[in-house]
file input-v7.txt (compact mmCIF, C-alpha atoms and all ligand atoms)
# COMPACT_ATOMS: atom_id res chain seq x y z
CA MET A 1 -35.81 7.99 -36.68
CA PRO A 2 -33.70 9.66 -33.99
CA PRO A 3 -30.17 10.52 -35.15
CA ARG A 4 -27.68 8.14 -33.67
CA ASN A 5 -24.35 8.91 -32.22
CA THR A 6 -21.45 7.70 -34.35
CA GLN A 7 -19.85 6.28 -31.24
CA ASP A 8 -22.85 3.99 -30.74
CA LEU A 9 -22.77 2.98 -34.37
CA MET A 10 -19.21 1.86 -34.45
CA PRO A 11 -17.23 1.50 -31.26
CA LEU A 12 -13.74 1.75 -32.67
CA GLU A 13 -10.86 2.22 -30.27
CA ARG A 14 -7.52 3.75 -31.02
CA ILE A 15 -4.89 2.10 -28.83
CA ARG A 16 -1.21 3.01 -28.58
CA GLY A 17 1.75 1.20 -27.11
CA ALA A 18 5.47 0.61 -27.37
CA ASP A 19 5.13 -2.45 -29.57
CA ILE A 20 2.48 -4.52 -31.24
CA SER A 21 2.27 -7.25 -28.61
CA HIS A 22 1.63 -4.70 -25.85
CA VAL A 23 -0.97 -2.98 -27.96
CA ALA A 24 -2.68 -6.26 -28.85
CA ASP A 25 -2.79 -7.20 -25.16
CA ARG A 26 -4.33 -3.91 -24.25
CA ALA A 27 -6.84 -4.18 -27.10
CA ARG A 28 -7.92 -7.60 -25.79
CA ARG A 29 -8.28 -6.29 -22.25
CA THR A 30 -10.31 -3.28 -23.40
CA LEU A 31 -12.48 -4.79 -26.10
CA GLY A 32 -12.56 -8.51 -25.32
CA ASP A 33 -10.94 -11.64 -26.67
CA ASP A 34 -12.70 -11.42 -30.02
CA VAL A 35 -11.12 -8.03 -30.75
CA MET A 36 -10.14 -7.29 -34.32
CA ILE A 37 -7.26 -5.09 -35.29
CA LEU A 38 -8.39 -3.04 -38.26
CA HIS A 39 -5.43 -0.79 -38.92
CA THR A 40 -1.91 -0.62 -37.59
CA ARG A 41 0.38 2.35 -38.02
CA MET A 42 3.48 3.89 -36.49
CA VAL A 43 3.06 7.25 -34.79
CA ARG A 44 5.43 9.53 -32.89
CA GLU A 45 4.48 10.68 -29.42
CA GLY A 46 6.82 13.03 -27.61
CA GLY A 47 9.63 12.09 -29.95
CA VAL A 48 9.12 8.36 -29.34
CA SER A 49 7.92 5.92 -32.01
CA MET A 50 4.84 4.01 -31.00
CA VAL A 51 2.45 1.53 -32.54
CA GLU A 52 -1.13 2.62 -32.89
CA VAL A 53 -3.96 0.29 -33.79
CA LEU A 54 -7.59 0.84 -34.61
CA ALA A 55 -9.54 -2.01 -33.02
CA ALA A 56 -13.14 -3.17 -32.67
CA PRO A 57 -14.88 -6.16 -31.10
CA SER A 58 -15.71 -8.57 -33.91
CA SER A 59 -19.32 -8.69 -32.75
CA VAL A 60 -19.49 -5.22 -34.28
CA ILE A 61 -19.21 -6.63 -37.76
CA ASP A 62 -22.18 -8.85 -37.10
CA ARG A 63 -24.13 -5.89 -35.82
CA VAL A 64 -23.29 -3.68 -38.78
CA ARG A 65 -24.15 -6.51 -41.12
CA ALA A 66 -27.40 -7.30 -39.37
CA GLN A 67 -28.49 -3.70 -39.63
CA LEU A 68 -27.47 -3.04 -43.23
CA GLU A 69 -27.90 -6.41 -44.91
CA PRO A 70 -31.05 -6.53 -47.02
CA GLN A 71 -33.27 -9.58 -47.36
CA PRO A 72 -32.20 -11.62 -50.35
CA PHE A 73 -34.41 -11.18 -53.38
CA PRO A 74 -37.08 -13.85 -53.71
CA ARG A 75 -35.90 -16.74 -55.84
CA ASN A 76 -38.70 -16.05 -58.25
CA MET A 77 -38.93 -12.29 -58.64
CA ARG A 78 -42.53 -12.38 -59.77
CA ALA A 79 -45.37 -12.48 -57.29
CA ALA A 80 -47.75 -15.46 -57.21
CA ASP A 81 -50.10 -13.58 -59.58
CA GLY A 82 -47.25 -13.03 -62.05
CA ALA A 83 -46.77 -9.36 -61.19
CA PRO A 84 -43.16 -8.22 -61.58
CA TYR A 85 -41.08 -7.32 -58.53
CA ARG A 86 -41.18 -3.53 -58.20
CA ILE A 87 -38.22 -1.47 -57.01
CA ALA A 88 -38.80 2.28 -56.70
CA LEU A 89 -36.22 5.01 -56.29
CA VAL A 90 -37.13 8.12 -54.33
CA GLY A 91 -35.08 11.02 -53.03
CA PRO A 92 -34.11 14.63 -53.48
CA THR A 93 -33.77 16.18 -56.93
CA GLY A 94 -30.32 15.60 -58.33
CA ALA A 95 -29.57 12.73 -55.94
CA GLY A 96 -29.04 10.32 -58.82
CA LYS A 97 -32.36 8.47 -59.05
CA THR A 98 -32.67 8.48 -62.82
CA THR A 99 -29.02 7.55 -63.34
CA THR A 100 -29.37 4.72 -60.81
CA ALA A 101 -32.60 3.51 -62.40
CA ALA A 102 -30.79 3.32 -65.73
CA LYS A 103 -27.89 1.40 -64.17
CA LEU A 104 -30.24 -1.11 -62.56
CA ALA A 105 -32.21 -1.69 -65.74
CA VAL A 106 -29.35 -1.69 -68.21
CA ARG A 107 -26.73 -3.75 -66.41
CA ARG A 108 -26.68 -7.25 -67.78
CA GLY A 109 -27.43 -9.92 -65.21
CA MET A 110 -28.22 -7.33 -62.56
CA PHE A 111 -31.05 -9.54 -61.32
CA GLY A 112 -29.73 -12.82 -62.58
CA ALA A 113 -31.95 -14.14 -65.36
CA ALA A 114 -34.83 -11.87 -64.37
CA ARG A 115 -35.76 -9.43 -67.11
CA PRO A 116 -35.88 -5.77 -66.10
CA GLY A 117 -38.20 -3.01 -67.22
CA LEU A 118 -38.38 0.72 -66.49
CA LEU A 119 -41.25 2.93 -65.47
CA THR A 120 -41.07 6.61 -64.63
CA LEU A 121 -43.40 8.88 -62.70
CA ASP A 122 -41.18 11.86 -63.44
CA THR A 123 -43.29 13.69 -65.95
CA TYR A 124 -42.54 17.10 -64.49
CA ARG A 125 -39.00 17.73 -65.49
CA VAL A 126 -38.12 18.02 -69.15
CA GLY A 127 -35.24 15.72 -69.85
CA GLY A 128 -35.93 13.25 -67.07
CA MET A 129 -38.05 11.09 -69.32
CA GLU A 130 -35.83 11.42 -72.38
CA GLN A 131 -32.75 10.49 -70.37
CA LEU A 132 -34.32 7.23 -69.26
CA ALA A 133 -35.96 6.55 -72.62
CA THR A 134 -32.59 6.76 -74.33
CA TYR A 135 -31.00 4.24 -71.98
CA ALA A 136 -34.00 1.96 -72.28
CA GLU A 137 -33.83 2.06 -76.05
CA LEU A 138 -30.09 1.43 -76.19
CA ALA A 139 -30.39 -1.55 -73.87
CA ASP A 140 -33.65 -2.75 -75.38
CA VAL A 141 -35.44 -2.53 -72.04
CA PRO A 142 -39.20 -1.91 -72.00
CA PHE A 143 -39.98 1.60 -70.75
CA GLU A 144 -43.24 3.14 -69.61
CA VAL A 145 -44.24 6.63 -68.53
CA VAL A 146 -47.13 6.99 -66.10
CA PHE A 147 -48.85 10.39 -65.96
CA ASP A 148 -52.00 9.36 -64.23
CA ALA A 149 -53.41 6.53 -62.12
CA ARG A 150 -55.50 5.49 -65.12
CA ASP A 151 -52.28 4.75 -67.06
CA ILE A 152 -51.07 2.18 -64.54
CA PRO A 153 -52.95 -0.96 -65.62
CA ALA A 154 -52.02 -0.55 -69.29
CA ALA A 155 -48.40 0.32 -68.46
CA MET A 156 -48.05 -2.71 -66.20
CA LYS A 157 -49.63 -4.85 -68.88
CA ARG A 158 -47.07 -3.67 -71.42
CA LEU A 159 -44.37 -4.48 -68.85
CA SER A 160 -45.74 -7.97 -68.30
CA SER A 161 -42.73 -9.54 -70.03
CA CYS A 162 -40.57 -8.09 -67.23
CA ASP A 163 -39.75 -9.86 -63.97
CA VAL A 164 -38.48 -6.70 -62.28
CA VAL A 165 -39.66 -3.15 -62.84
CA ILE A 166 -37.51 -0.22 -61.76
CA ILE A 167 -39.62 2.84 -60.93
CA ASP A 168 -38.13 6.33 -61.19
CA THR A 169 -39.79 9.23 -59.36
CA PRO A 170 -39.43 13.03 -59.48
CA GLY A 171 -38.52 13.55 -55.85
CA ARG A 172 -40.31 15.81 -53.44
CA SER A 173 -41.02 19.27 -54.62
CA PRO A 174 -40.55 21.69 -51.74
CA ALA A 175 -42.42 24.28 -53.80
CA SER A 176 -45.45 22.12 -54.40
CA ALA A 177 -46.87 19.75 -51.85
CA GLU A 178 -49.56 18.94 -54.38
CA LEU A 179 -47.10 17.60 -56.97
CA THR A 180 -45.42 15.51 -54.30
CA GLU A 181 -48.79 14.22 -53.17
CA ARG A 182 -49.61 13.22 -56.75
CA TRP A 183 -46.58 11.08 -57.46
CA ARG A 184 -46.58 9.55 -53.98
CA THR A 185 -50.18 8.48 -54.57
CA LEU A 186 -49.19 6.97 -57.94
CA LEU A 187 -46.30 5.17 -56.29
CA ASP A 188 -48.64 3.71 -53.67
CA GLU A 189 -50.83 2.43 -56.48
CA LEU A 190 -47.85 0.72 -58.03
CA ALA A 191 -47.31 -1.04 -54.69
CA PRO A 192 -43.51 -1.27 -54.86
CA ASP A 193 -41.86 -4.18 -53.09
CA GLU A 194 -38.89 -1.97 -52.23
CA VAL A 195 -38.52 1.80 -52.05
CA HIS A 196 -34.90 2.93 -52.09
CA LEU A 197 -34.11 6.35 -50.73
CA VAL A 198 -31.34 7.66 -52.97
CA MET A 199 -29.24 9.86 -50.73
CA PRO A 200 -26.15 11.76 -51.84
CA ALA A 201 -23.27 10.71 -49.61
CA THR A 202 -22.15 14.33 -49.77
CA VAL A 203 -25.14 15.58 -47.79
CA ARG A 204 -24.61 16.87 -44.23
CA ALA A 205 -25.57 14.31 -41.60
CA ASP A 206 -28.30 16.47 -40.04
CA LEU A 207 -29.83 17.19 -43.44
CA ALA A 208 -29.70 13.50 -44.27
CA MET A 209 -31.83 12.81 -41.21
CA ASP A 210 -34.35 15.44 -42.31
CA ILE A 211 -34.46 13.93 -45.78
CA GLY A 212 -34.88 10.48 -44.26
CA ARG A 213 -37.86 11.73 -42.29
CA ALA A 214 -39.37 13.42 -45.35
CA TYR A 215 -39.39 10.11 -47.24
CA SER A 216 -40.48 7.88 -44.40
CA ALA A 217 -43.92 6.32 -44.30
CA THR A 218 -46.86 8.51 -43.32
CA LYS A 219 -50.45 7.61 -42.60
CA ALA A 220 -51.21 8.36 -46.23
CA HIS A 221 -48.17 6.98 -48.04
CA ARG A 222 -45.67 4.23 -47.94
CA GLY A 223 -42.11 5.28 -47.24
CA ALA A 224 -38.56 4.28 -48.05
CA THR A 225 -37.56 0.73 -47.12
CA HIS A 226 -33.89 0.86 -48.16
CA VAL A 227 -31.17 3.47 -48.40
CA LEU A 228 -29.02 3.80 -51.51
CA LEU A 229 -26.12 6.19 -51.06
CA SER A 230 -25.09 7.99 -54.22
CA LYS A 231 -22.12 10.15 -55.18
CA VAL A 232 -19.92 8.09 -52.91
CA ASP A 233 -17.12 8.97 -55.34
CA GLU A 234 -17.43 12.59 -54.28
CA VAL A 235 -16.71 12.16 -50.57
CA PRO A 236 -13.06 12.45 -49.57
CA ARG A 237 -13.20 9.75 -46.90
CA GLU A 238 -15.56 6.82 -47.04
CA SER A 239 -15.75 6.12 -43.32
CA GLY A 240 -18.64 8.58 -43.05
CA ILE A 241 -20.80 6.78 -45.58
CA ALA A 242 -21.32 3.78 -43.34
CA ASP A 243 -22.26 6.06 -40.45
CA LEU A 244 -24.76 7.75 -42.72
CA ALA A 245 -26.32 4.45 -43.78
CA LEU A 246 -26.42 3.16 -40.22
CA SER A 247 -27.96 6.34 -38.88
CA LEU A 248 -30.75 6.16 -41.45
CA ASP A 249 -31.40 2.70 -40.09
CA MET A 250 -32.45 0.99 -43.30
CA PRO A 251 -30.84 -1.89 -45.16
CA THR A 252 -28.83 -1.15 -48.25
CA ARG A 253 -28.41 -3.08 -51.49
CA TRP A 254 -26.29 -0.79 -53.59
CA VAL A 255 -24.21 2.36 -53.57
CA SER A 256 -23.63 4.60 -56.56
CA ASP A 257 -20.06 5.76 -57.05
CA GLY A 258 -20.03 7.70 -60.27
CA GLN A 259 -21.91 8.85 -63.34
CA ASP A 260 -21.08 5.90 -65.56
CA VAL A 261 -24.08 3.83 -66.61
CA PRO A 262 -24.11 1.01 -65.75
CA ALA A 263 -20.63 0.53 -64.25
CA ASP A 264 -20.83 2.80 -61.21
CA LEU A 265 -23.10 0.78 -58.99
CA LYS A 266 -21.64 -1.41 -56.25
CA PRO A 267 -22.95 -3.74 -53.54
CA GLY A 268 -23.87 -1.68 -50.49
CA VAL A 269 -22.96 -3.72 -47.44
CA GLN A 270 -19.49 -4.68 -48.64
CA ARG A 271 -18.75 -1.06 -49.38
CA MET A 272 -19.89 0.00 -45.90
CA LEU A 273 -17.84 -2.66 -44.15
CA ARG A 274 -14.82 -1.73 -46.19
CA ALA A 275 -15.41 1.92 -45.41
CA TYR A 276 -15.00 1.02 -41.73
CA GLY A 277 -11.89 -0.94 -42.50
CA LEU A 278 -13.71 -4.14 -41.59
CA PRO A 279 -12.84 -7.33 -43.44
CA VAL A 280 -15.15 -8.25 -46.28
CA ASP A 281 -15.81 -11.80 -47.42
CA ALA A 282 -13.70 -12.61 -50.42
CA GLU A 283 -16.83 -14.15 -51.92
CA ALA A 284 -18.84 -10.97 -52.40
CA ASP A 285 -22.46 -11.32 -53.46
CA TRP A 286 -21.65 -9.13 -56.40
CA MET A 287 -23.45 -9.39 -59.63
CA PRO A 288 -21.72 -9.99 -62.94
CA ALA A 289 -20.93 -6.94 -65.07
N1 LIG B 1 -20.35 11.92 -59.07
C1 LIG B 1 -21.53 11.31 -59.20
N2 LIG B 1 -22.51 11.85 -59.91
C2 LIG B 1 -23.68 11.20 -60.02
C3 LIG B 1 -23.90 9.96 -59.38
N3 LIG B 1 -25.17 9.56 -59.65
C4 LIG B 1 -25.70 10.53 -60.45
N4 LIG B 1 -24.81 11.52 -60.67
C5 LIG B 1 -25.00 12.76 -61.43
O1 LIG B 1 -25.88 13.61 -60.71
C6 LIG B 1 -26.69 14.36 -61.61
C7 LIG B 1 -28.16 14.13 -61.27
O2 LIG B 1 -28.48 12.78 -61.52
P1 LIG B 1 -29.95 12.29 -61.82
O3 LIG B 1 -29.89 10.80 -61.97
O4 LIG B 1 -30.56 13.06 -62.92
O5 LIG B 1 -30.65 12.67 -60.43
P2 LIG B 1 -32.21 12.66 -60.06
O6 LIG B 1 -32.68 14.07 -60.11
O7 LIG B 1 -32.27 12.11 -58.66
O8 LIG B 1 -32.90 11.77 -61.04
C8 LIG B 1 -26.31 13.88 -63.01
O9 LIG B 1 -25.38 14.80 -63.53
C9 LIG B 1 -25.67 12.52 -62.77
O10 LIG B 1 -24.74 12.19 -63.76
C10 LIG B 1 -22.83 9.39 -58.61
O11 LIG B 1 -22.92 8.31 -58.01
N5 LIG B 1 -21.67 10.11 -58.55
MG MG B 2 -34.54 12.15 -62.27
call {"tool": "encode", "arguments": {"input": "input-v7.txt", "output": "structure tokens", "more": "lines below"}}
Ligand SMILES: Nc1nc2c(ncn2[C@@H]2O[C@H](COP(=O)(O)OP(=O)(O)O)[C@@H](O)[C@H]2O)c(=O)[nH]1
Ligand SMILES: [Mg+2]
result
Amino acid sequence: MPPRNTQDLMPLERIRGADISHVADRARRTLGDDVMILHTRMVREGGVSMVEVLAAPSSVIDRVRAQLEPQPFPRNMRAADGAPYRIALVGPTGAGKTTTAAKLAVRRGMFGAARPGLLTLDTYRVGGMEQLATYAELADVPFEVVFDARDIPAAMKRLSSCDVVIIDTPGRSPASAELTERWRTLLDELAPDEVHLVMPATVRADLAMDIGRAYSATKAHRGATHVLLSKVDEVPRESGIADLALSLDMPTRWVSDGQDVPADLKPGVQRMLRAYGLPVDAEADWMPA
């Protein structure tokens, strides 16, 4: 996963001119006939008022979409053998995995008519389990804790009324490779259909790449398949979040933009496109609240 240059990710051009028609002409000459003007503003240059636009070829939208857009969920979330669709959340401690798991499981209609359940592998941190158990109880969502590989069949059996199971994990423990190894092995046994890397949007870009690598697939373990940016509400400008998602080079379903369960979870791709100032379809594939 080599870090990508922002310029490659999103070729935006800033173009100035005396008036909008000159600027639009120049934008077309520079970026092609399908150029899109994203922002227009007045600036002063040497005491003279000028028009400045931010422009991009519209093919860029297609590229950003193609890279970030996840596969739609299967129409029937259960596998042919009746097993529920499994969505796991992985990522650094404090990234927002447990909060996001609660949002996904508790939000009504999150997966259409499919019934959600919760399962946690986070048996290490006091509070992690209780936090999720409380949400599960309030929302009347089945909840299972798995300590050991032997617990898995019974836990999955008790979750057999669920069409989707959200799996919370403890995150890597830098202090103990053994603990990390244990939950990653359990996660492999659970054979998740999707593994979302929950990544704080506040993290430095270079660290984000390191974290991405740490959660990618190895010979021994499956890795993240999606990126889910969290704490998007804490970054001053959102333009960086799309760069972050693009540089991690995984599709995105959701972003987390606050601590409120379940309100603060939003569709990922729309948010990224908007962060770039790109137009977003009025008809968002947003789920009902
Ligand atoms: N501002 C903000 N805080 C969040 C967000 N998601 C989670 N948090 C907070 O971050 C802290 C850690 O969250 P938690 O879900 O326990 O992280 P985990 O260790 O990855 O499970 C808690 O105080 C959450 O309320 C978010 O999107 N924005
Ligand atoms: Mg947690």
call {"tool": "residues_near_ligand", "arguments": {"input": "input-v7.txt", "ligand": "ligand LIG 1 (chain B)", "cutoff": "9 Å", "atoms": "only C-alpha atoms and all ligand atoms", "output": "number ranges by chain"}}
result
A: 89-102, 122, 127-128, 131, 168-171, 198-201, 229-234, 255-261, 264-265
call {"tool": "residues_around", "arguments": {"input": "input-v7.txt", "residues": "A:Val43", "least_positions_apart": "3", "cutoff": "9 Å", "atoms": "all atoms listed in the file", "output": "MDAnalysis selection string"}}
result
chainID A and resid 16 48:52
call {"tool": "residues_around", "arguments": {"input": "input-v7.txt", "residues": "A:Gly82", "least_positions_apart": "4", "cutoff": "10 Å", "atoms": "only C-alpha atoms", "output": "MDAnalysis selection string"}}
result
chainID A and resid 76:78 160:163
call {"tool": "residues_near_point", "arguments": {"input": "input-v7.txt", "point": "(-37.0, 4.2, -69.1)", "cutoff": "12 Å", "atoms": "only C-alpha atoms", "output": "count of residues only"}}
result
44
call {"tool": "residues_around", "arguments": {"input": "input-v7.txt", "residues": "stretch 235-251 of chain A", "least_positions_apart": "6", "cutoff": "6 Å", "atoms": "only C-alpha atoms", "output": "list in words"}}
result
Arg4, Leu68, Glu69, Pro70, Thr202, His226, Val227, Met272, Ala275 and Tyr276 of chain A
call {"tool": "residues_around", "arguments": {"input": "input-v7.txt", "residues": "A:Ser216", "least_positions_apart": "3", "cutoff": "12 Å", "atoms": "all atoms listed in the file", "output": "mmCIF file with C-alpha atoms, in the coordinates of the input"}}
result
data_model
loop_
_atom_site.group_PDB
_atom_site.id
_atom_site.type_symbol
_atom_site.label_atom_id
_atom_site.label_comp_id
_atom_site.auth_asym_id
_atom_site.auth_seq_id
_atom_site.Cartn_x
_atom_site.Cartn_y
_atom_site.Cartn_z
ATOM 1 C CA MET A 1 -35.810 7.990 -36.680
ATOM 2 C CA VAL A 90 -37.130 8.120 -54.330
ATOM 3 C CA GLY A 91 -35.080 11.020 -53.030
ATOM 4 C CA ARG A 184 -46.580 9.550 -53.980
ATOM 5 C CA VAL A 195 -38.520 1.800 -52.050
ATOM 6 C CA HIS A 196 -34.900 2.930 -52.090
ATOM 7 C CA LEU A 197 -34.110 6.350 -50.730
ATOM 8 C CA MET A 209 -31.830 12.810 -41.210
ATOM 9 C CA ASP A 210 -34.350 15.440 -42.310
ATOM 10 C CA ILE A 211 -34.460 13.930 -45.780
ATOM 11 C CA GLY A 212 -34.880 10.480 -44.260
ATOM 12 C CA ARG A 213 -37.860 11.730 -42.290
ATOM 13 C CA LYS A 219 -50.450 7.610 -42.600
ATOM 14 C CA ALA A 220 -51.210 8.360 -46.230
ATOM 15 C CA HIS A 221 -48.170 6.980 -48.040
ATOM 16 C CA ARG A 222 -45.670 4.230 -47.940
ATOM 17 C CA GLY A 223 -42.110 5.280 -47.240
ATOM 18 C CA ALA A 224 -38.560 4.280 -48.050
ATOM 19 C CA THR A 225 -37.560 0.730 -47.120
ATOM 20 C CA HIS A 226 -33.890 0.860 -48.160
ATOM 21 C CA VAL A 227 -31.170 3.470 -48.400
ATOM 22 C CA LEU A 248 -30.750 6.160 -41.450
ATOM 23 C CA ASP A 249 -31.400 2.700 -40.090
ATOM 24 C CA MET A 250 -32.450 0.990 -43.300
#
call {"tool": "closest_residue", "arguments": {"input": "input-v7.txt", "among": "A:Ala24, A:Met42, A:Val126, A:Ala83", "to": "ligand MG 2 (chain B)", "atoms": "only C-alpha atoms and all ligand atoms"}}
result
A:Val126
call {"tool": "atom_distance", "arguments": {"input": "input-v7.txt", "atom1": "atom CA of A:Val269", "atom2": "atom CA of A:Pro72"}}
result
12.5 Å
call {"tool": "closest_residue", "arguments": {"input": "input-v7.txt", "among": "A:Arg172, A:Gly17, A:His39, A:Arg63", "to": "ligand MG 2 (chain B)", "atoms": "all atoms listed in the file"}}
result
A:Arg172
call {"tool": "closest_residue", "arguments": {"input": "input-v7.txt", "among": "A:Arg204, A:Arg253, A:Arg271, A:Arg44", "to": "A:Ile87", "atoms": "only C-alpha atoms"}}
result
A:Arg253
call {"tool": "atom_distance", "arguments": {"input": "input-v7.txt", "atom1": "atom CA of A:Pro153", "atom2": "atom CA of A:Trp183"}}
result
15.9 Å
call {"tool": "closest_residue", "arguments": {"input": "input-v7.txt", "among": "A:Gly277, A:Ala66, A:Arg86, A:Leu179", "to": "A:Met36", "atoms": "only C-alpha atoms"}}
result
A:Gly277
call {"tool": "axis_aligned_box", "arguments": {"input": "input-v7.txt", "around": "stretch 257-264 of chain A", "padding_each_side": "6 Å", "output": "AutoDock Vina command-line options"}}
result
--center_x -22.1 --center_y 4.7 --center_z -61.8 --size_x 16.1 --size_y 20.3 --size_z 21.6
call {"tool": "atom_distance", "arguments": {"input": "input-v7.txt", "atom1": "atom CA of A:Ile20", "atom2": "atom CA of A:Gln270"}}
result
28.0 Å
call {"tool": "closest_residue", "arguments": {"input": "input-v7.txt", "among": "A:Glu13, A:Arg125, A:Ala205, A:Trp254", "to": "A:Pro267", "atoms": "all atoms listed in the file"}}
result
A:Trp254
call {"tool": "closest_residue", "arguments": {"input": "input-v7.txt", "among": "A:Gly109, A:Arg41, A:Pro84, A:Arg75", "to": "A:Met156", "atoms": "only C-alpha atoms"}}
result
A:Pro84
